[in-house]
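Shown next: data.tsv, given as TSV, C-alpha atoms.
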chain	number	residue	atom	x	y	z
A	1	MET	CA	12.68	70.44	-32.45
A	2	GLN	CA	13.35	66.70	-32.24
A	3	ALA	CA	12.25	64.93	-29.09
A	4	THR	CA	14.62	62.49	-27.42
A	5	ILE	CA	13.22	59.43	-25.67
A	6	THR	CA	15.36	58.06	-22.85
A	7	THR	CA	15.03	54.35	-22.12
A	8	PRO	CA	14.85	53.70	-18.38
A	9	GLY	CA	17.37	51.38	-16.82
A	10	PRO	CA	16.50	48.16	-15.02
A	11	PHE	CA	14.33	48.67	-11.94
A	12	VAL	CA	16.00	45.84	-10.05
A	13	LYS	CA	18.89	46.78	-7.80
A	14	ARG	CA	22.02	44.65	-7.74
A	15	ALA	CA	21.20	43.26	-4.28
A	16	ASP	CA	17.69	42.33	-5.42
A	17	ALA	CA	19.09	40.64	-8.52
A	18	VAL	CA	21.49	38.61	-6.39
A	19	SER	CA	18.58	37.55	-4.14
A	20	LEU	CA	16.56	36.49	-7.18
A	21	TRP	CA	19.43	34.39	-8.57
A	22	LEU	CA	19.87	32.77	-5.14
A	23	PHE	CA	16.15	32.01	-5.18
A	24	ILE	CA	16.59	30.41	-8.59
A	25	ALA	CA	19.43	28.23	-7.29
A	26	ALA	CA	17.38	27.21	-4.24
A	27	GLY	CA	14.38	26.36	-6.43
A	28	ALA	CA	16.51	24.17	-8.70
A	29	ALA	CA	17.94	22.37	-5.66
A	30	ILE	CA	14.45	21.76	-4.27
A	31	ALA	CA	13.24	20.32	-7.58
A	32	VAL	CA	16.23	17.95	-7.77
A	33	TRP	CA	15.76	16.84	-4.16
A	34	VAL	CA	12.03	16.17	-4.62
A	35	ALA	CA	12.68	14.19	-7.82
A	36	TRP	CA	15.39	12.11	-6.13
A	37	SER	CA	13.17	11.44	-3.09
A	38	ALA	CA	10.24	10.42	-5.31
A	39	VAL	CA	12.37	8.00	-7.32
A	40	ALA	CA	13.73	6.51	-4.10
A	41	ARG	CA	10.20	6.14	-2.73
A	42	ILE	CA	8.97	4.39	-5.88
A	43	ILE	CA	11.95	2.01	-5.88
A	44	ASP	CA	11.30	1.27	-2.20
A	45	VAL	CA	7.61	0.38	-2.60
A	46	LEU	CA	7.61	-1.49	-5.92
A	47	PRO	CA	8.72	-4.84	-4.40
A	48	ASN	CA	5.46	-4.55	-2.39
A	49	HIS	CA	6.95	-6.01	0.76
A	50	ASP	CA	6.65	-4.31	4.18
A	51	VAL	CA	5.53	-1.05	2.59
A	52	ALA	CA	5.48	2.04	4.83
A	53	VAL	CA	2.32	4.09	4.30
A	54	LEU	CA	1.50	7.42	5.96
A	55	ALA	CA	-2.01	7.20	7.41
A	56	VAL	CA	-4.24	9.97	8.76
A	57	PHE	CA	-6.61	9.16	11.62
A	58	ALA	CA	-9.66	10.95	13.04
A	59	GLY	CA	-8.62	11.05	16.69
A	60	THR	CA	-8.47	7.25	16.92
A	61	PRO	CA	-7.83	6.09	20.52
A	62	ALA	CA	-4.42	4.50	21.08
A	63	GLU	CA	-1.81	3.99	23.79
A	64	ALA	CA	1.71	5.42	23.88
A	65	PRO	CA	4.49	4.50	26.37
A	66	ILE	CA	4.90	8.06	27.66
A	67	GLY	CA	3.86	7.57	31.29
A	68	PRO	CA	6.16	6.97	34.30
A	69	ASP	CA	8.75	4.30	33.47
A	70	GLY	CA	7.21	3.92	30.03
A	71	ALA	CA	3.69	3.19	31.25
A	72	PRO	CA	1.05	3.33	28.48
A	73	VAL	CA	-1.04	6.49	28.30
A	74	ALA	CA	-4.19	6.94	26.22
A	75	VAL	CA	-3.72	9.34	23.30
A	76	ALA	CA	-5.75	10.43	20.26
A	77	LEU	CA	-3.96	9.21	17.15
A	78	GLU	CA	-3.94	11.74	14.29
A	79	GLU	CA	-1.16	10.50	12.01
A	80	ALA	CA	1.09	7.45	11.88
A	81	TRP	CA	3.19	5.33	9.54
A	82	LEU	CA	1.78	1.87	8.84
A	83	THR	CA	4.04	-0.98	7.77
A	84	VAL	CA	1.89	-3.14	5.52
A	85	PRO	CA	3.17	-6.63	4.60
A	86	GLU	CA	1.63	-6.34	1.12
A	87	LEU	CA	-0.49	-3.58	-0.37
A	88	PRO	CA	-3.36	-4.14	-2.82
A	89	ILE	CA	-2.20	-3.40	-6.37
A	90	ALA	CA	-4.46	-0.34	-6.61
A	91	ALA	CA	-2.95	1.13	-3.43
A	92	LEU	CA	0.57	0.37	-4.64
A	93	TRP	CA	-0.02	2.20	-7.91
A	94	ALA	CA	-1.61	5.06	-5.98
A	95	ILE	CA	1.76	5.63	-4.30
A	96	VAL	CA	3.54	5.57	-7.65
A	97	ILE	CA	1.05	8.03	-9.17
A	98	GLN	CA	1.31	10.22	-6.07
A	99	GLN	CA	5.08	10.49	-6.42
A	100	VAL	CA	4.89	11.17	-10.16
A	101	LEU	CA	2.33	13.93	-9.57
A	102	LEU	CA	4.47	15.36	-6.77
A	103	VAL	CA	7.49	15.61	-9.05
A	104	ALA	CA	5.43	17.03	-11.92
A	105	THR	CA	3.88	19.64	-9.65
A	106	VAL	CA	7.11	20.75	-7.99
A	107	VAL	CA	9.11	20.81	-11.23
A	108	THR	CA	6.40	22.78	-13.05
A	109	VAL	CA	5.98	25.31	-10.24
A	110	VAL	CA	9.72	25.71	-9.69
A	111	THR	CA	10.38	26.06	-13.43
A	112	ALA	CA	7.71	28.74	-13.76
A	113	LEU	CA	9.02	30.66	-10.74
A	114	ILE	CA	12.63	30.35	-11.93
A	115	TRP	CA	11.63	31.72	-15.32
A	116	LEU	CA	9.70	34.53	-13.62
A	117	SER	CA	12.63	35.35	-11.32
A	118	ARG	CA	14.99	35.39	-14.31
A	119	ASN	CA	12.74	37.89	-16.09
A	120	LEU	CA	12.49	40.06	-12.98
A	121	ALA	CA	16.27	39.98	-12.49
A	122	ARG	CA	16.61	41.29	-16.05
A	123	GLY	CA	14.21	44.13	-15.38
A	124	VAL	CA	11.09	42.68	-17.00
A	125	ALA	CA	8.25	43.00	-14.49
A	126	PHE	CA	4.96	42.99	-16.36
A	127	SER	CA	4.50	41.02	-19.56
A	128	ARG	CA	2.24	38.36	-20.99
A	129	THR	CA	4.92	35.78	-20.27
A	130	ASN	CA	5.17	36.74	-16.60
A	131	THR	CA	1.39	36.76	-16.21
A	132	ALA	CA	1.20	33.28	-17.75
A	133	LEU	CA	4.02	32.06	-15.50
A	134	VAL	CA	2.29	33.30	-12.35
A	135	ALA	CA	-1.02	31.73	-13.40
A	136	THR	CA	0.65	28.45	-14.35
A	137	ALA	CA	2.57	28.16	-11.08
A	138	GLY	CA	-0.55	28.95	-9.07
A	139	ILE	CA	-2.97	26.64	-10.88
A	140	VAL	CA	-0.56	23.69	-11.04
A	141	GLY	CA	0.35	24.21	-7.38
A	142	LEU	CA	-3.32	24.13	-6.36
A	143	LEU	CA	-4.03	21.01	-8.41
A	144	GLY	CA	-1.00	19.28	-6.92
A	145	TYR	CA	-2.04	20.36	-3.40
A	146	VAL	CA	-5.27	18.41	-3.89
A	147	ALA	CA	-4.12	15.50	-6.07
A	148	VAL	CA	-0.99	14.45	-4.16
A	149	PRO	CA	-2.70	13.84	-0.79
A	150	PHE	CA	-5.70	12.31	-2.60
A	151	PHE	CA	-3.57	9.47	-3.95
A	152	GLY	CA	-1.76	9.27	-0.61
A	153	ASN	CA	-5.12	8.69	1.06
A	154	MET	CA	-5.91	5.98	-1.48
A	155	ALA	CA	-2.69	4.20	-0.53
A	156	ALA	CA	-3.41	4.61	3.18
A	157	ASN	CA	-6.92	3.20	2.80
A	158	GLY	CA	-5.46	0.22	0.94
A	159	GLY	CA	-3.06	-0.25	3.85
A	160	PHE	CA	-5.92	-0.17	6.36
A	161	ALA	CA	-7.85	-2.70	4.28
A	162	ALA	CA	-4.87	-5.05	4.08
A	163	ILE	CA	-4.09	-4.88	7.80
A	164	SER	CA	-7.66	-5.05	9.14
A	165	ASP	CA	-9.07	-7.40	6.48
A	166	ARG	CA	-11.40	-4.54	5.46
A	167	THR	CA	-12.94	-4.22	8.95
A	168	PHE	CA	-11.49	-0.78	9.83
A	169	ASP	CA	-13.03	2.16	7.98
A	170	ASN	CA	-10.85	5.27	8.08
A	171	VAL	CA	-11.52	7.14	4.84
A	172	ILE	CA	-10.22	10.68	5.46
A	173	MET	CA	-9.27	13.44	3.05
A	174	SER	CA	-6.32	15.31	4.54
A	175	VAL	CA	-6.59	18.50	2.44
A	176	ASP	CA	-7.37	21.55	4.57
A	177	PRO	CA	-10.20	23.38	2.76
A	178	PHE	CA	-9.40	26.71	4.44
A	179	THR	CA	-5.79	26.58	3.26
A	180	LEU	CA	-6.95	25.57	-0.23
A	181	VAL	CA	-9.39	28.49	-0.47
A	182	LEU	CA	-6.80	30.93	0.89
A	183	ALA	CA	-4.17	29.70	-1.58
A	184	ALA	CA	-6.67	29.96	-4.45
A	185	PHE	CA	-7.43	33.55	-3.42
A	186	VAL	CA	-3.73	34.44	-3.37
A	187	VAL	CA	-3.19	32.85	-6.79
A	188	ALA	CA	-6.16	34.71	-8.25
A	189	MET	CA	-4.98	37.99	-6.74
A	190	MET	CA	-1.40	37.62	-8.02
A	191	SER	CA	-2.61	36.69	-11.50
A	192	THR	CA	-4.89	39.73	-11.52
A	193	VAL	CA	-2.10	42.05	-10.34
A	194	PHE	CA	0.26	40.89	-13.08
A	195	SER	CA	-2.51	41.09	-15.67
A	196	ILE	CA	-3.38	44.66	-14.67
A	197	GLY	CA	0.29	45.63	-14.57
A	198	GLU	CA	0.80	44.17	-18.03
A	199	ARG	CA	-2.17	46.13	-19.41
A	200	LEU	CA	-1.08	49.39	-17.77
A	201	GLN	CA	2.47	49.00	-19.11
A	202	ARG	CA	1.15	48.27	-22.60
A	203	ASP	CA	-1.10	51.34	-22.47
A	204	THR	CA	1.78	53.49	-21.18
A	205	GLU	CA	4.11	52.32	-23.94
A	206	GLY	CA	1.41	53.19	-26.46
A	207	LEU	CA	1.50	56.80	-25.28
A	208	VAL	CA	5.24	57.15	-25.90
Could you express the structure from this file as structure tokens?
Amino acid sequence: MQATITTPGPFVKRADAVSLWLFIAAGAAIAVWVAWSAVARIIDVLPNHDVAVLAVFAGTPAEAPIGPDGAPVAVALEEAWLTVPELPIAALWAIVIQQVLLVATVVTVVTALIWLSRNLARGVAFSRTNTALVATAGIVGLLGYVAVPFFGNMAANGGFAAISDRTFDNVIMSVDPFTLVLAAFVVAMMSTVFSIGERLQRDTEGLV
């Protein structure tokens, strides 16, 4: 008697496939928008004249006109945009590097997720390629999460130095360590899940 092996059909329903392709389109749009915004930001700061820099404060006392008839009220300043007449060269290049890293991070992550979504839409769930895509998106995303604000802080500190003639010390790292650890845990878990799924599928196929 000759055994007949039936190949299973795709596990993705039509509605799920449509959702995945919409996700792909949204990811591509996000990557294009981030790239365009980064280029615009670089063009805006390169003349090095009245440069706007996002600065993070540690509850610095300030006054805001939010009282009756616009009366000043004491507030704790956490974040503000500084307009710096001229940034130090190091701070200026920090902004350029920040934007380049932002684009590289977003494009890499979006490309990996688009590729992954395309594979899933075609019925390929667990494979070495998908495992590598998940790991790549996660690791690059984590590195970008740290590196992008790091260079932003460098630019902000240069802005503080230029405005205060180096008399105001406000060196702050704006990365939330709890969020970073949580994101790293999620990335590790997803990579492990895809790796285990890949191994189980390979072992199952070996039994057929």
For this session: Give me the residues within 8 Å of Thr136 in chain A as a ChimeraX atom specification, counting only C-alpha atoms and dropping any in the same chain fewer than 3 places off.
Result: /A:109,112,132-133,139-140
Counting all atoms listed in the file, give me one row per residue of range 54-140 of chain A with an atom at most 8 Å from an atom of range 183-200 of chain A, showing the shortest contact pair and its distance in Å to one decimal, sorted by chain then residue number, as a Markdown table.
| residue | atom | partner | partner_atom | distance |
| --- | --- | --- | --- | --- |
| A:Phe126 | CA | A:Glu198 | CA | 4.6 |
| A:Ser127 | CA | A:Glu198 | CA | 5.1 |
| A:Arg128 | CA | A:Glu198 | CA | 6.7 |
| A:Asn130 | CA | A:Phe194 | CA | 7.3 |
| A:Thr131 | CA | A:Phe194 | CA | 5.3 |
| A:Val134 | CA | A:Ser191 | CA | 6.0 |
| A:Ala135 | CA | A:Ser191 | CA | 5.5 |
| A:Gly138 | CA | A:Val187 | CA | 5.2 |
| A:Ile139 | CA | A:Val187 | CA | 7.4 |
Output for the residues just chosen: C-alpha atoms as a CSV table (one decimal), keeping the file's coordinate frame:
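See result.csv below for the written result:
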chain,number,residue,atom,x,y,z
A,126,PHE,CA,5.0,43.0,-16.4
A,127,SER,CA,4.5,41.0,-19.6
A,128,ARG,CA,2.2,38.4,-21.0
A,130,ASN,CA,5.2,36.7,-16.6
A,131,THR,CA,1.4,36.8,-16.2
A,134,VAL,CA,2.3,33.3,-12.4
A,135,ALA,CA,-1.0,31.7,-13.4
A,138,GLY,CA,-0.6,29.0,-9.1
A,139,ILE,CA,-3.0,26.6,-10.9
Exercise. So how many Å separate CA of Gly27 in chain A and CA of Thr105 in chain A, to one decimal?
Worked result: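 Between CA of Gly27 in chain A and CA of Thr105 in chain A the gap works out to 12.9 Å.
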For this session: Kindly give the distance, in Å, that separates CA of Ala125 in chain A and CA of Thr108 in chain A, rounded to a single decimal.
Result: 20.4 Å
Exercise. For Ile89 in chain A, which of A:Val181, A:Val34, A:Met154, A:Val107 is the closest residue, counting only C-alpha atoms?
Worked result: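 Nearest candidate to Ile89 in chain A out of A:Val181, A:Val34, A:Met154, A:Val107: A:Met154.
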Problem set entry | Atom pair CA of Leu77 in chain A / CA of Val56 in chain A: separation (Å) |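 Answer for the CA of Leu77 in chain A to CA of Val56 in chain A separation: 8.4 Å.
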For this session: Name the residues in contact with Ala55 in chain A at a cut-off of 9 Å, using only C-alpha atoms, excluding same-chain residues fewer than 4 positions from it; report them as a list in words.
Result: Glu78, Glu79, Ala80, Trp81, Leu82, Gly152, Asn153, Ala155, Ala156, Asn157, Gly159 and Phe160 of chain A
For this session: Scan for residues within 12 Å of the point (19.5, 35.0, -3.7) in the coordinates of the file, using only C-alpha atoms, and reply as an MDAnalysis selection string.
Result: chainID A and resid 14:27 114 117:118 121
